[in-house]
Each structure stands twice: as C-alpha cells, then as structure tokens.
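Shown next: start29.cif, containing mmCIF, C-alpha atoms.
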```
data_work
loop_
_atom_site.label_atom_id
_atom_site.label_comp_id
_atom_site.auth_asym_id
_atom_site.auth_seq_id
_atom_site.Cartn_x
_atom_site.Cartn_y
_atom_site.Cartn_z
CA MET A 231 35.12 44.10 -15.32
CA SER A 232 31.79 42.85 -13.97
CA GLY A 233 31.00 39.17 -13.68
CA THR A 234 28.44 39.53 -16.46
CA GLU A 235 30.97 41.19 -18.78
CA ASN A 236 33.53 38.51 -17.99
CA GLU A 237 31.02 35.74 -18.76
CA ARG A 238 30.07 37.40 -22.05
CA ASN A 239 33.73 37.73 -23.03
CA ARG A 240 34.37 34.09 -22.22
CA ALA A 241 31.31 33.00 -24.22
CA ASP A 242 32.45 35.15 -27.14
CA ALA A 243 35.83 33.45 -26.91
CA VAL A 244 34.07 30.10 -27.34
CA TYR A 245 32.41 31.43 -30.49
CA ALA A 246 35.76 32.70 -31.75
CA ALA A 247 37.18 29.20 -31.25
CA LEU A 248 34.27 27.74 -33.23
CA LEU A 249 34.93 30.18 -36.07
CA GLU A 250 38.49 28.85 -36.41
CA ARG A 251 36.98 25.63 -37.70
CA GLN A 252 35.61 24.87 -41.15
CA GLY A 253 32.51 27.00 -41.60
CA GLU A 254 28.96 25.73 -41.47
CA GLN A 255 28.78 25.70 -45.28
CA TRP A 256 31.54 23.08 -45.26
CA VAL A 257 29.63 19.83 -45.05
CA GLN A 258 30.50 16.21 -45.63
CA PRO A 259 28.30 13.12 -45.21
CA ARG A 260 30.18 12.05 -42.09
CA ILE A 261 27.71 11.99 -39.23
CA GLU A 262 29.68 9.25 -37.47
CA ARG A 263 32.25 11.82 -36.27
CA THR A 264 29.66 13.80 -34.33
CA ARG A 265 28.25 10.52 -33.04
CA ARG A 266 31.72 9.53 -31.79
CA VAL A 267 32.01 12.70 -29.67
CA LEU A 268 28.53 12.25 -28.25
CA GLU A 269 29.25 8.62 -27.33
CA LEU A 270 32.32 9.76 -25.41
CA LEU A 271 30.06 12.23 -23.60
CA ASP A 272 27.59 9.42 -22.76
CA ASP A 273 25.01 10.55 -25.34
CA PRO A 274 23.52 13.67 -23.75
CA GLN A 275 21.01 13.94 -26.63
CA ARG A 276 19.23 10.85 -25.30
CA THR A 277 18.33 12.48 -21.97
CA TYR A 278 15.32 14.39 -23.35
CA ARG A 279 12.63 13.95 -25.97
CA VAL A 280 13.31 15.42 -29.40
CA VAL A 281 11.26 17.03 -32.14
CA HIS A 282 13.46 17.14 -35.27
CA VAL A 283 12.61 19.67 -37.99
CA THR A 284 13.81 19.72 -41.59
CA GLY A 285 12.62 21.15 -44.93
CA THR A 286 13.70 23.86 -47.33
CA ASN A 287 11.75 26.83 -45.98
CA GLY A 288 9.86 27.47 -42.77
CA LYS A 289 12.08 25.30 -40.56
CA THR A 290 13.03 28.03 -38.12
CA SER A 291 9.55 29.52 -37.80
CA THR A 292 7.97 26.09 -37.36
CA SER A 293 10.59 25.13 -34.77
CA ARG A 294 9.96 28.31 -32.80
CA LEU A 295 6.19 27.75 -32.90
CA ILE A 296 6.57 24.16 -31.68
CA GLU A 297 8.84 25.28 -28.86
CA SER A 298 6.42 28.01 -27.79
CA LEU A 299 3.52 25.55 -27.65
CA LEU A 300 5.54 23.05 -25.60
CA ARG A 301 6.77 25.71 -23.20
CA THR A 302 3.20 26.93 -22.69
CA MET A 303 2.35 23.38 -21.59
CA GLY A 304 4.79 23.79 -18.71
CA LEU A 305 7.61 21.76 -20.24
CA ARG A 306 11.21 22.94 -19.97
CA THR A 307 12.34 23.39 -23.55
CA GLY A 308 15.48 23.58 -25.63
CA LEU A 309 15.53 25.07 -29.11
CA PHE A 310 18.41 24.71 -31.57
CA THR A 311 18.16 26.76 -34.78
CA SER A 312 20.51 28.27 -37.32
CA PRO A 313 21.90 30.61 -38.37
CA HIS A 314 21.72 33.40 -35.83
CA LEU A 315 20.68 36.95 -36.65
CA GLU A 316 22.71 39.01 -34.19
CA ARG A 317 24.51 36.86 -31.59
CA PHE A 318 25.34 33.15 -31.64
CA THR A 319 23.61 32.43 -28.32
CA GLU A 320 20.28 32.86 -30.18
CA ARG A 321 20.92 29.44 -31.73
CA ILE A 322 20.68 27.62 -28.38
CA MET A 323 17.56 28.64 -26.46
CA VAL A 324 16.53 27.33 -23.06
CA ASP A 325 12.97 28.03 -21.94
CA GLY A 326 12.53 30.67 -24.62
CA GLU A 327 15.69 32.65 -23.85
CA PRO A 328 19.14 32.58 -25.46
CA ILE A 329 21.48 30.32 -23.51
CA ALA A 330 23.28 32.08 -20.66
CA ASP A 331 26.91 32.95 -21.32
CA ALA A 332 27.98 31.01 -18.23
CA ALA A 333 26.18 27.91 -19.55
CA VAL A 334 28.01 28.23 -22.88
CA VAL A 335 31.35 28.29 -21.10
CA GLU A 336 30.40 25.38 -18.83
CA ALA A 337 29.31 23.21 -21.76
CA TRP A 338 32.41 24.16 -23.76
CA GLU A 339 34.76 23.16 -20.94
CA GLU A 340 32.87 19.89 -20.66
CA ILE A 341 33.14 18.98 -24.34
CA LEU A 342 36.55 20.39 -25.28
CA PRO A 343 38.71 17.41 -24.21
CA PHE A 344 36.51 15.07 -26.27
CA ILE A 345 36.46 17.42 -29.24
CA GLU A 346 40.26 17.52 -29.20
CA LEU A 347 40.41 13.72 -28.94
CA VAL A 348 38.20 13.20 -32.00
CA ASP A 349 40.01 15.97 -33.87
CA ALA A 350 43.25 14.07 -33.31
CA GLU A 351 41.67 10.85 -34.57
CA LEU A 352 40.41 12.57 -37.70
CA LEU A 353 43.76 14.19 -38.45
CA ALA A 354 45.55 10.87 -37.91
CA GLU A 355 43.27 9.33 -40.54
CA GLY A 356 44.12 12.11 -42.98
CA GLY A 357 40.77 13.82 -42.52
CA ALA A 358 39.72 17.29 -41.36
CA ARG A 359 38.87 18.41 -37.84
CA LEU A 360 35.30 18.61 -36.66
CA THR A 361 33.52 21.54 -38.29
CA PHE A 362 31.92 24.63 -36.77
CA PHE A 363 28.43 23.14 -37.00
CA GLU A 364 29.41 19.68 -35.78
CA VAL A 365 30.95 21.15 -32.63
CA LEU A 366 28.09 23.61 -32.14
CA THR A 367 25.62 20.71 -32.31
CA VAL A 368 27.52 18.86 -29.58
CA LEU A 369 27.64 22.03 -27.49
CA ALA A 370 23.86 22.47 -27.80
CA PHE A 371 23.09 18.85 -26.95
CA VAL A 372 25.26 19.01 -23.83
CA ALA A 373 23.81 22.36 -22.78
CA PHE A 374 20.27 20.98 -23.06
CA SER A 375 21.23 17.96 -20.97
CA ASP A 376 22.86 20.17 -18.34
CA ALA A 377 19.85 22.55 -18.16
CA PRO A 378 18.11 20.00 -18.08
CA VAL A 379 15.29 20.25 -20.61
CA ASP A 380 12.26 17.98 -20.99
CA VAL A 381 12.13 18.27 -24.77
CA ALA A 382 14.41 19.79 -27.40
CA VAL A 383 13.23 21.14 -30.74
CA ILE A 384 16.13 20.65 -33.14
CA GLU A 385 16.35 22.30 -36.55
CA VAL A 386 18.47 20.51 -39.13
CA GLY A 387 21.48 22.46 -40.33
CA MET A 388 21.46 21.15 -43.90
CA GLY A 389 19.61 18.24 -45.44
CA GLY A 390 18.92 15.66 -42.76
CA GLU A 391 20.32 12.17 -43.22
CA TRP A 392 23.96 13.01 -42.57
CA ASP A 393 23.46 16.32 -40.76
CA SER A 394 25.14 16.36 -37.35
CA THR A 395 21.77 16.97 -35.66
CA ASN A 396 20.62 13.54 -36.88
CA THR A 397 22.59 11.99 -34.02
CA ALA A 398 19.49 12.76 -31.98
CA ASP A 399 16.58 10.33 -32.22
CA GLY A 400 13.56 12.42 -33.00
CA ASP A 401 10.33 11.21 -31.43
CA VAL A 402 8.65 13.36 -34.07
CA ALA A 403 10.14 14.17 -37.48
CA VAL A 404 8.69 17.39 -38.89
CA ILE A 405 9.09 18.05 -42.61
CA ALA A 406 8.49 21.66 -43.64
CA PRO A 407 7.96 22.40 -47.36
CA VAL A 408 10.72 20.85 -49.49
CA GLY A 409 12.04 22.60 -52.58
CA MET A 410 15.25 22.98 -54.57
CA ASP A 411 18.11 24.40 -52.50
CA HIS A 412 21.73 23.39 -51.91
CA ALA A 413 21.46 21.21 -55.02
CA ASP A 414 25.25 20.88 -55.18
CA ARG A 415 25.23 19.16 -51.79
CA LEU A 416 21.82 17.54 -51.45
CA GLY A 417 21.06 16.42 -55.01
CA ASP A 418 20.03 17.88 -58.33
CA THR A 419 16.42 16.71 -58.24
CA ILE A 420 13.70 17.31 -55.70
CA GLU A 421 13.41 13.54 -55.13
CA LYS A 422 17.10 13.29 -54.18
CA ILE A 423 16.75 16.24 -51.82
CA ALA A 424 13.65 14.67 -50.27
CA ARG A 425 15.51 11.40 -49.64
CA VAL A 426 18.23 13.25 -47.73
CA LYS A 427 15.64 15.10 -45.66
CA ALA A 428 13.67 11.89 -45.05
CA GLY A 429 16.80 10.58 -43.34
CA ILE A 430 15.67 12.15 -40.06
CA ILE A 431 12.74 9.71 -39.84
CA LYS A 432 13.56 7.20 -37.11
CA GLN A 433 12.24 3.70 -36.46
CA ASP A 434 8.68 3.75 -35.03
CA ALA A 435 8.66 7.55 -34.87
CA ALA A 436 5.88 9.93 -35.90
CA VAL A 437 6.22 12.00 -39.07
CA VAL A 438 4.32 15.24 -39.62
CA SER A 439 4.68 16.86 -43.03
CA ALA A 440 3.61 20.05 -44.71
CA ALA A 441 1.85 19.66 -48.06
CA GLN A 442 4.53 18.62 -50.55
CA GLU A 443 5.08 18.17 -54.26
CA PRO A 444 3.91 14.66 -55.31
CA GLU A 445 7.49 13.44 -55.78
CA VAL A 446 8.43 14.56 -52.27
CA ASP A 447 5.28 13.15 -50.72
CA ARG A 448 6.01 9.75 -52.25
CA VAL A 449 9.58 9.70 -50.91
CA LEU A 450 8.44 10.65 -47.40
CA ARG A 451 5.68 8.03 -47.31
CA GLU A 452 8.07 5.33 -48.51
CA ALA A 453 10.65 6.26 -45.86
CA ALA A 454 8.01 6.23 -43.13
CA ALA A 455 6.74 2.82 -44.23
CA VAL A 456 10.23 1.29 -44.26
CA ARG A 457 10.86 2.52 -40.70
CA GLY A 458 7.46 1.67 -39.27
CA ALA A 459 6.70 5.34 -38.66
CA THR A 460 3.28 6.94 -38.77
CA ILE A 461 2.87 9.87 -41.15
CA ALA A 462 0.40 12.74 -41.10
CA VAL A 463 0.29 15.18 -44.02
CA GLU A 464 -1.14 18.67 -44.27
CA GLY A 465 -4.31 18.82 -46.32
CA THR A 466 -5.28 15.24 -45.51
CA ASP A 467 -4.70 14.76 -41.80
CA PHE A 468 -4.58 18.36 -40.57
CA ALA A 469 -4.98 21.79 -42.19
CA LEU A 470 -5.09 25.54 -41.92
CA ARG A 471 -8.83 25.99 -42.45
CA SER A 472 -8.84 29.77 -42.71
CA TYR A 473 -6.81 32.86 -41.98
CA ARG A 474 -7.67 36.53 -41.92
CA LEU A 475 -5.78 39.69 -41.14
CA ALA A 476 -5.68 41.06 -37.62
CA VAL A 477 -3.77 43.91 -36.05
CA GLY A 478 -0.13 42.84 -35.90
CA GLY A 479 -0.74 39.42 -37.43
CA GLN A 480 -3.64 37.14 -38.29
CA LEU A 481 -6.46 35.01 -36.91
CA LEU A 482 -6.39 31.30 -37.73
CA ASP A 483 -8.75 28.36 -37.70
CA VAL A 484 -6.80 25.11 -37.61
CA GLN A 485 -7.90 21.50 -37.94
CA GLY A 486 -5.36 19.50 -35.99
CA LEU A 487 -4.83 15.76 -35.84
CA ALA A 488 -7.07 15.41 -32.82
CA GLY A 489 -8.80 18.73 -32.27
CA GLU A 490 -10.18 21.87 -33.88
CA TYR A 491 -8.73 25.22 -32.83
CA ALA A 492 -10.59 28.41 -33.75
CA GLU A 493 -9.85 32.13 -33.56
CA LEU A 494 -6.15 31.66 -32.85
CA TYR A 495 -4.17 34.89 -32.87
CA LEU A 496 -0.75 34.56 -34.49
CA PRO A 497 1.50 37.65 -34.33
CA LEU A 498 3.18 36.74 -37.63
CA TYR A 499 2.27 37.74 -41.17
CA GLY A 500 1.54 35.60 -44.23
CA GLU A 501 -0.48 32.52 -45.07
CA HIS A 502 2.73 30.48 -44.97
CA GLN A 503 3.12 31.35 -41.29
CA GLY A 504 -0.43 30.21 -40.68
CA ARG A 505 0.43 26.91 -42.34
CA ASN A 506 3.61 26.70 -40.25
CA ALA A 507 1.39 27.11 -37.18
CA ALA A 508 -0.87 24.25 -38.32
CA LEU A 509 2.23 22.08 -38.84
CA ALA A 510 3.50 23.00 -35.37
CA ILE A 511 0.18 22.12 -33.73
CA ALA A 512 0.14 18.73 -35.46
CA ALA A 513 3.73 18.11 -34.35
CA VAL A 514 2.90 18.82 -30.71
CA GLU A 515 -0.24 16.67 -30.91
CA SER A 516 2.00 13.87 -32.22
CA LEU A 517 4.46 14.26 -29.35
CA ILE A 518 1.85 14.65 -26.63
CA GLY A 519 -0.80 11.97 -26.96
CA ALA A 520 0.42 10.33 -30.18
CA GLY A 521 -1.89 12.45 -32.31
CA SER A 522 -5.04 11.15 -30.67
CA GLN A 523 -5.52 13.75 -27.95
CA ALA A 524 -6.49 17.38 -28.56
CA LEU A 525 -4.37 20.08 -26.95
CA ALA A 526 -5.93 22.32 -24.31
CA PRO A 527 -7.40 25.40 -26.04
CA ASP A 528 -5.59 27.83 -23.73
CA VAL A 529 -2.26 26.13 -24.49
CA VAL A 530 -2.71 26.64 -28.22
CA THR A 531 -4.01 30.19 -27.80
CA ASP A 532 -1.17 31.24 -25.50
CA GLY A 533 1.51 29.24 -27.30
CA LEU A 534 0.82 30.83 -30.66
CA GLY A 535 0.01 34.23 -29.21
CA GLN A 536 3.41 34.61 -27.60
CA ALA A 537 5.36 33.16 -30.55
CA SER A 538 7.90 35.13 -32.53
CA SER A 539 10.14 34.48 -35.49
CA PRO A 540 12.75 37.24 -35.79
CA GLY A 541 13.81 38.12 -39.30
CA ARG A 542 10.78 36.45 -40.83
CA LEU A 543 8.33 39.07 -42.16
CA GLN A 544 9.24 41.19 -39.15
CA LEU A 545 7.94 44.75 -38.99
CA VAL A 546 10.91 46.91 -37.90
CA GLY A 547 10.05 50.41 -39.12
CA ALA A 548 7.14 52.84 -39.23
CA HIS A 549 6.57 55.96 -41.35
CA PRO A 550 7.74 54.48 -43.67
CA THR A 551 6.89 50.86 -43.05
CA VAL A 552 9.95 48.60 -43.18
CA VAL A 553 9.68 44.81 -43.16
CA VAL A 554 12.62 42.38 -42.83
CA ASP A 555 12.53 38.85 -44.22
CA ALA A 556 15.34 36.32 -44.71
CA ALA A 557 13.96 35.05 -48.09
CA HIS A 558 17.27 33.46 -49.10
CA ASN A 559 15.98 31.24 -51.92
CA PRO A 560 13.24 31.47 -54.58
CA HIS A 561 10.78 29.41 -52.50
CA GLY A 562 11.18 31.79 -49.57
CA ALA A 563 10.96 34.79 -51.88
CA ALA A 564 7.68 33.48 -53.31
CA ALA A 565 6.23 33.20 -49.80
CA LEU A 566 7.40 36.75 -49.10
CA VAL A 567 5.72 38.13 -52.23
CA GLU A 568 2.46 36.39 -51.38
CA ALA A 569 2.57 37.71 -47.82
CA LEU A 570 3.34 41.29 -48.85
CA ARG A 571 0.39 41.24 -51.22
CA GLY A 572 -1.96 39.61 -48.74
CA SER A 573 -0.99 41.26 -45.46
CA PHE A 574 -0.08 44.84 -46.40
CA ASP A 575 -1.82 47.58 -48.35
CA PHE A 576 0.84 49.45 -50.34
CA ASP A 577 1.12 50.37 -54.01
CA GLU A 578 4.91 50.28 -54.28
CA TRP A 579 7.64 48.29 -52.51
CA GLY A 580 11.26 49.30 -52.38
CA VAL A 581 13.36 46.15 -52.09
CA VAL A 582 16.70 46.31 -50.32
CA LEU A 583 18.34 43.17 -51.65
CA GLY A 584 21.54 41.38 -50.67
CA VAL A 585 22.25 37.71 -51.44
CA LEU A 586 25.03 35.30 -50.54
CA GLY A 587 27.14 33.90 -53.36
CA ASP A 588 26.05 30.27 -52.93
CA LYS A 589 22.37 31.14 -53.32
CA ASP A 590 20.19 31.37 -56.42
CA ALA A 591 20.35 35.15 -56.76
CA GLU A 592 18.83 35.14 -60.24
CA GLY A 593 15.89 33.05 -59.01
CA ILE A 594 15.36 35.36 -56.02
CA VAL A 595 15.42 38.46 -58.24
CA ALA A 596 13.00 36.88 -60.71
CA THR A 597 10.58 35.98 -57.91
CA LEU A 598 10.69 39.41 -56.25
CA ALA A 599 10.49 41.34 -59.53
CA PRO A 600 6.67 41.58 -59.71
CA ILE A 601 6.44 43.57 -56.47
CA ALA A 602 9.66 45.61 -56.78
CA ALA A 603 9.17 49.26 -57.79
CA HIS A 604 12.80 50.08 -56.94
CA VAL A 605 15.59 47.70 -55.94
CA PHE A 606 18.36 48.97 -53.69
CA ALA A 607 21.14 46.48 -54.40
CA THR A 608 23.66 45.88 -51.63
CA ALA A 609 25.71 43.08 -50.09
CA PRO A 610 25.43 41.29 -46.73
CA ASP A 611 28.42 41.66 -44.43
CA SER A 612 29.87 38.27 -45.31
CA GLU A 613 32.86 36.96 -47.24
CA ARG A 614 30.37 34.77 -49.12
CA ALA A 615 28.24 37.68 -50.34
CA ASN A 616 27.47 38.49 -53.94
CA ASP A 617 28.68 42.02 -54.62
CA ALA A 618 26.03 44.68 -55.11
CA ASP A 619 26.91 45.19 -58.79
CA THR A 620 26.18 41.53 -59.53
CA ILE A 621 22.74 41.85 -57.96
CA ALA A 622 22.14 45.11 -59.84
CA ASP A 623 22.98 43.47 -63.16
CA LEU A 624 20.41 40.75 -62.52
CA VAL A 625 17.80 43.39 -61.65
CA GLU A 626 18.58 45.55 -64.68
CA ALA A 627 18.23 42.51 -66.92
CA ARG A 628 14.57 42.42 -65.86
CA GLY A 629 14.02 46.07 -66.71
CA LEU A 630 13.60 47.17 -63.11
CA ARG A 631 14.82 50.37 -61.53
CA VAL A 632 17.90 49.71 -59.41
CA THR A 633 20.55 51.64 -57.53
CA VAL A 634 23.78 50.24 -56.08
CA HIS A 635 24.78 50.75 -52.45
CA THR A 636 28.02 49.89 -50.69
CA ASP A 637 26.41 48.54 -47.53
CA LEU A 638 23.08 48.00 -45.84
CA ALA A 639 23.14 51.31 -43.94
CA ASP A 640 23.44 53.26 -47.21
CA ALA A 641 20.84 51.12 -48.99
CA ALA A 642 18.36 51.33 -46.12
CA GLU A 643 18.71 55.09 -45.82
CA ALA A 644 18.08 55.53 -49.55
CA ALA A 645 15.13 53.12 -49.47
CA ARG A 646 13.51 54.75 -46.46
CA GLU A 647 13.93 58.21 -48.01
CA TRP A 648 12.34 56.91 -51.24
CA ALA A 649 9.42 55.36 -49.34
CA ALA A 650 8.89 58.43 -47.15
CA ALA A 651 7.98 60.43 -50.27
CA SER A 652 4.58 58.67 -50.44
CA ASP A 653 2.27 57.07 -47.90
CA ARG A 654 1.62 54.32 -50.49
CA ARG A 655 5.23 53.13 -50.42
CA ALA A 656 7.02 50.73 -48.08
CA VAL A 657 10.37 48.95 -47.83
CA VAL A 658 11.26 45.27 -47.55
CA ILE A 659 14.80 44.13 -46.75
CA ALA A 660 15.43 40.59 -47.97
CA GLY A 661 17.71 38.05 -49.62
CA SER A 662 19.84 36.73 -46.78
CA VAL A 663 19.65 35.73 -43.13
CA VAL A 664 22.89 37.67 -42.62
CA LEU A 665 21.32 40.79 -44.13
CA ALA A 666 18.21 40.30 -41.99
CA GLY A 667 20.36 40.22 -38.85
CA GLU A 668 22.14 43.40 -39.89
CA ALA A 669 18.77 45.06 -40.54
CA LEU A 670 17.38 44.20 -37.12
CA ALA A 671 20.43 45.71 -35.42
CA LEU A 672 20.35 48.81 -37.64
CA ALA A 673 16.61 49.33 -37.12
CA GLU A 674 17.08 49.28 -33.36
CA ALA A 675 20.16 51.51 -33.41
CA GLU A 676 18.50 54.11 -35.63
CA ALA A 677 15.02 53.80 -34.07
CA TRP A 678 13.21 53.19 -37.36
CA LYS A 679 9.95 52.64 -35.50
CA ASP A 680 10.05 56.31 -34.54
CA GLY A 681 9.67 57.22 -38.20
CA TRP A 682 11.77 58.78 -40.95
CA SER A 683 13.80 61.90 -40.27
CA ALA A 684 15.91 63.39 -43.04
#
```
What does this structure look like when you write it as structure tokens?
Amino acid sequence: MSGTENERNRADAVYAALLERQGEQWVQPRIERTRRVLELLDDPQRTYRVVHVTGTNGKTSTSRLIESLLRTMGLRTGLFTSPHLERFTERIMVDGEPIADAAVVEAWEEILPFIELVDAELLAEGGARLTFFEVLTVLAFVAFSDAPVDVAVIEVGMGGEWDSTNTADGDVAVIAPVGMDHADRLGDTIEKIARVKAGIIKQDAAVVSAAQEPEVDRVLREAAAVRGATIAVEGTDFALRSYRLAVGGQLLDVQGLAGEYAELYLPLYGEHQGRNAALAIAAVESLIGAGSQALAPDVVTDGLGQASSPGRLQLVGAHPTVVVDAAHNPHGAAALVEALRGSFDFDEWGVVLGVLGDKDAEGIVATLAPIAAHVFATAPDSERANDADTIADLVEARGLRVTVHTDLADAAEAAREWAAASDRRAVVIAGSVVLAGEALALAEAEAWKDGWSA
C-alpha cells in the first residue's frame, strides 16, 4: 500500500469514528460542551480571524465566494462548510483545497484524548457523548490552527446561537437570506428562527446581511444594537446593481460598502448567486478596512472569476443539458425555479427529485411544479430519505406527470432519455444535498458531458 493510500485509509477511519456518534441532525442547545473541548485545547479558534456565515439558503455559496476573495488577496484561508457532496474532506478546506488526509489524522490524534475526556464527563452527568458535528467542528478548528490559516470562513451547521461553530468569535457575522426551515428545532415563526441565527453576532463585530423579511431585519438590527455591532444590509448599504447572462455564468455590477465593481464575471447561474456575490464582497470589505476601504478591482475580478459552488446550479451534462442543485427547502427551490427561467432557454424541464424525510417535501414539490414537465421521483441514498412513492404521490396530487425510480441512476437515465428526444428539453436534479452529491459522482462516472448515448 502506498503512503497516499495509507493516509486516505487512516483519514477514512477518522470519518468512520465520527459516524459512530449521534448524527449531525441530532442537535441540542448545548454549545458549552464544544467550548469545553476547545478550552482544553487552548482555544485554537482564536488563532485566526473568523467570518461566520448563517442563514437559511445561500450559506455555502456565500462562504465559498468570501473564501475565494480572501485567498485572492494573498491570505491563507480555511473554509468550513456542510454537508459534503462526495467526500468528508470537502468540509474542511485549506487554501481552496480539501484538507489533506495526513492533516485530518494529525488533528484527530491531537483532539482525541480531549474528546474522550469530555465524553466521559457528559456520560457521568447522564448526558450523551459529543455529536458528529460537535467533534467535526473541533477537528476543523484545530486543523486551521495547525495549517495555520490567516482567516477562516465558518458556515453554521444549524441555526447559530447554540451551534457548535459559535464557539468561534466572528469578526464579521454574515446573514444570508432567512426563511422557514428546521422549524421543529429553531422555532415555529420566522422571528424565532431569526433570533437563533442572530446569536452569531458578537460584541463590537460587524454584521452584513442579505435583504430580509421585515420581521427578520428588525431582529437582526436589535441584536446588533445590543452588542454594539455595526450592521450593513443589502439594498440600503450595498447591492447587486445589475446582472446579465454570459457564457458559463453572468456579468455583475455591484455596489459595495466602499467601492463600485463593474463587469464582474461570475461562473455561477442565477440572480440569487449574483446577490450572494454582493453579500460576499460586502463581508470582505467589512473584514478588510472595516467597510470603509474599497477592494482592489483585480482582487474582486479574480476572486469571483475563480469561484465555484459545487452542487448549486451546476451544469454536469450536455446533449441533453443536466443541471444539479441542492434545493432542499422551498426557499431554495424558488431560487432554482427563478434561475432556470432566467439563465436557460428550454421549453420543458424534467425534474429528478429526491428529498430527505425531515424536509418540507410538499413545499418543494409545490414550488417546482410550475417548471416540471415530467418528475422522475426517486430517493437519496440516505436512511433519512423519503421513499420515491411518497414523492410521487405529492407530485400526482398536483396533476403532474410522474414516474417512480428505485435509485438516482435509474431516474437519471430515464430523465436523460426523455430529454434527449427534443432539443428544447433539459433535466434538473434537485431536492437534497445528498442527491446532488450522488449526481455529481454519477455524471463524472458516466461522462454525461459527452452527451446522451442510448
């Protein structure tokens, strides 16, 4: 076995150990347990500056755009996002690349004695061991300190206030659009959800927010005022001035906090991605120069131009066109529908749809219905998945054409064959981050970009 293979196997063993813990959907408002581990490790998350990103949709794309801009400035960056699409090392990026397997193992060996110590304390108190996501957060924070990085862009796992990532003190709190999601855990009104997300705002920090519903905007402004934080909001303090289609993406004009940036090429589709880019620029302006200093034009041009956001309106197939998008809640589905209408020129979309059981499948189906000529119902490869028949029932209730497929491979083959019958048809695969990850792997394995072959 080569050294590289051995390192990969050892890193995969770390992931296997993480999976033995309560899954990342198992959450409790108990941030102090993660804080206890980090204190024992001498608070590695305080050795670099932090941009902390929350919201309901757009968190991952915005985080990746911020990281790309910072890296273009010559800073050594860390990026922590979730979930992963294909391999867990995608969640912990160092200088734009998934963390090295050897670095995973090194960080794991460093944290394990302290993890076991806190586990023992929790069990002695009658509680549960640290969860998958709590331990992964500690692993990422230590890995970034060991790298070392200059700045880490940290995406919240769920909510904000009691999320394990909130053990880091964000110099800048970034609030992507807030909507209804995880209501059973975060609150049954948008105001309650906003309060949990506002929990990432730290004393004297800077807050940069997307345009929000009035109720959310009020909560965020109140939280910023209480903590002496500045707040800049899209539409008032910065904005996406215009966007227009370009080959492989779009051209943007952005009004930042301190500068104007014109003719920016963004290799991502959809107005919402343009707005994510404006939010990212404002976040970087807030970190570098406290929002009063414009970024160098070449930094913004190169930073956005080299950005990517896998699984978010990603073009993975040609002849027929196949697009993959996570779209795991109605808000995300609405952004997908708008982007498909605005960025592509097709008459009919075949929708390969698979949704996890804890998501609003009915809301997703209702939102996608206006653009769906044929739904290919399937299930993500997850124990938490809705079965394909359940999805099909929801689709049939809306009078749409639907067929049921046992897995993604079968659904995608049927959808691509359907779309290949007309040059005015295309396929979108959506409904789950897990399904998006499967689709990316399948598209590469079957060379969808080479075109359909029966």
Assuming the chain letters and numbering stay as they are in my file, what does the PyMOL selection byres ((chain A and resi 429-442) around 6) actually select? List them as a ChimeraX atom specification.
/A:390-391,401-407,426-428,443,446-447,457-464
Those same residues, written as a CSV table (one decimal), keeping the file's coordinate frame with C-alpha atoms?
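Heads up, here's the output in again_36.csv:
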```csv
chain,number,residue,atom,x,y,z
A,390,GLY,CA,18.9,15.7,-42.8
A,391,GLU,CA,20.3,12.2,-43.2
A,401,ASP,CA,10.3,11.2,-31.4
A,402,VAL,CA,8.6,13.4,-34.1
A,403,ALA,CA,10.1,14.2,-37.5
A,404,VAL,CA,8.7,17.4,-38.9
A,405,ILE,CA,9.1,18.0,-42.6
A,406,ALA,CA,8.5,21.7,-43.6
A,407,PRO,CA,8.0,22.4,-47.4
A,426,VAL,CA,18.2,13.2,-47.7
A,427,LYS,CA,15.6,15.1,-45.7
A,428,ALA,CA,13.7,11.9,-45.0
A,443,GLU,CA,5.1,18.2,-54.3
A,446,VAL,CA,8.4,14.6,-52.3
A,447,ASP,CA,5.3,13.2,-50.7
A,457,ARG,CA,10.9,2.5,-40.7
A,458,GLY,CA,7.5,1.7,-39.3
A,459,ALA,CA,6.7,5.3,-38.7
A,460,THR,CA,3.3,6.9,-38.8
A,461,ILE,CA,2.9,9.9,-41.2
A,462,ALA,CA,0.4,12.7,-41.1
A,463,VAL,CA,0.3,15.2,-44.0
A,464,GLU,CA,-1.1,18.7,-44.3
```
Set the distance at 10 Å and use only C-alpha atoms: which residues neighbour Pro259 (chain A) once local chain neighbours fewer than 4 positions away are removed? I'd like the list as a compact mmCIF listing (two decimals) with C-alpha atoms, in the coordinates of the input.
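As written to disk, around_34.txt reads:
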```txt
# COMPACT_ATOMS: atom_id res chain seq x y z
CA ARG A 263 32.25 11.82 -36.27
CA GLU A 391 20.32 12.17 -43.22
CA TRP A 392 23.96 13.01 -42.57
CA ASP A 393 23.46 16.32 -40.76
CA SER A 394 25.14 16.36 -37.35
CA ARG A 415 25.23 19.16 -51.79
```
Please list as a ChimeraX atom specification every residue within 8 Å of Phe576 (chain A), counting all atoms listed in the file and excluding residues in the same chain fewer than 4 positions away.
/A:654-656
For the selection just defined, write its residues with C-alpha atoms to a file, as an mmCIF file, in the coordinates of the input.
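New file selection-v1.cif:
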```cif
data_model
loop_
_atom_site.group_PDB
_atom_site.id
_atom_site.type_symbol
_atom_site.label_atom_id
_atom_site.label_comp_id
_atom_site.auth_asym_id
_atom_site.auth_seq_id
_atom_site.Cartn_x
_atom_site.Cartn_y
_atom_site.Cartn_z
ATOM 1 C CA ARG A 654 1.620 54.320 -50.490
ATOM 2 C CA ARG A 655 5.230 53.130 -50.420
ATOM 3 C CA ALA A 656 7.020 50.730 -48.080
#
```
Which residues are near Glu668 (chain A)? Cut-off 9 Å, all atoms listed in the file, ignore same chain within fewer than 6 positions. Put them as a PyMOL selection string.
chain A and resi 315-316+610-611+638-639
Do you know which residues lie at most 10 Å from (17.8, 46.4, -42.4), with coordinates as in the file and all atoms listed in the file counted, and could you write them as a list in words?
Gly541, Val546, Gly547, Val552, Val553, Val554, Asp555, Val582, Leu583, Leu638, Ala639, Ala641, Ala642, Glu643, Val657, Val658, Ile659, Ala660, Leu665, Ala666, Gly667, Glu668, Ala669, Leu670, Ala671, Leu672, Ala673, Glu674 and Trp678 of chain A
Can you list, as a ChimeraX atom specification, the residues that the PyMOL selection byres ((chain A and resi 565) around 12) selects here?
/A:287-288,407,499-506,542-543,555-564,566-573,594,597-598,660
Can you spell out as a ChimeraX atom specification the set of residues that the PyMOL selection byres ((chain A and resi 532) around 10) selects in the structure I just provided?
/A:298-299,301-303,494-496,527-531,533-537
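Shortest separation to Ile341 (chain A) among A:Ser539, A:Thr608, A:Gln544, A:Thr367 occurs at residue A:Thr367, atoms counted being all atoms listed in the file.
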Please report the interatomic distance between CA of Gln523 (chain A) and CA of Gly486 (chain A) in Å with one decimal.
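For CA of Gln523 (chain A) relative to CA of Gly486 (chain A), the distance reads 9.9 Å.
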Spatial neighbours of Val348 (chain A), 12 Å, all atoms listed in the file, chain gap at least 5 places, as a list in words
Glu262, Arg263, Thr264, Arg265, Arg266, Val267, Leu268, Glu269, Leu270, Leu271, Ile341, Leu342, Pro343, Leu353, Ala354, Glu355, Gly357, Ala358, Arg359, Leu360, Thr361, Glu364 and Val365 of chain A
Nearest to Ala246 (chain A): which of A:Met388, A:Ala520, A:Leu366, A:Ala507 is it, counting all atoms listed in the file?
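Nearest to Ala246 (chain A): A:Leu366.
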When you draw a straight line from CA of Lys589 (chain A) to CA of Ser538 (chain A), how long is it in Å?
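For CA of Lys589 (chain A) relative to CA of Ser538 (chain A), the distance reads 25.6 Å.
Counting from CA of Asp349 (chain A), the distance to CA of Val280 (chain A) is 27.1 Å.
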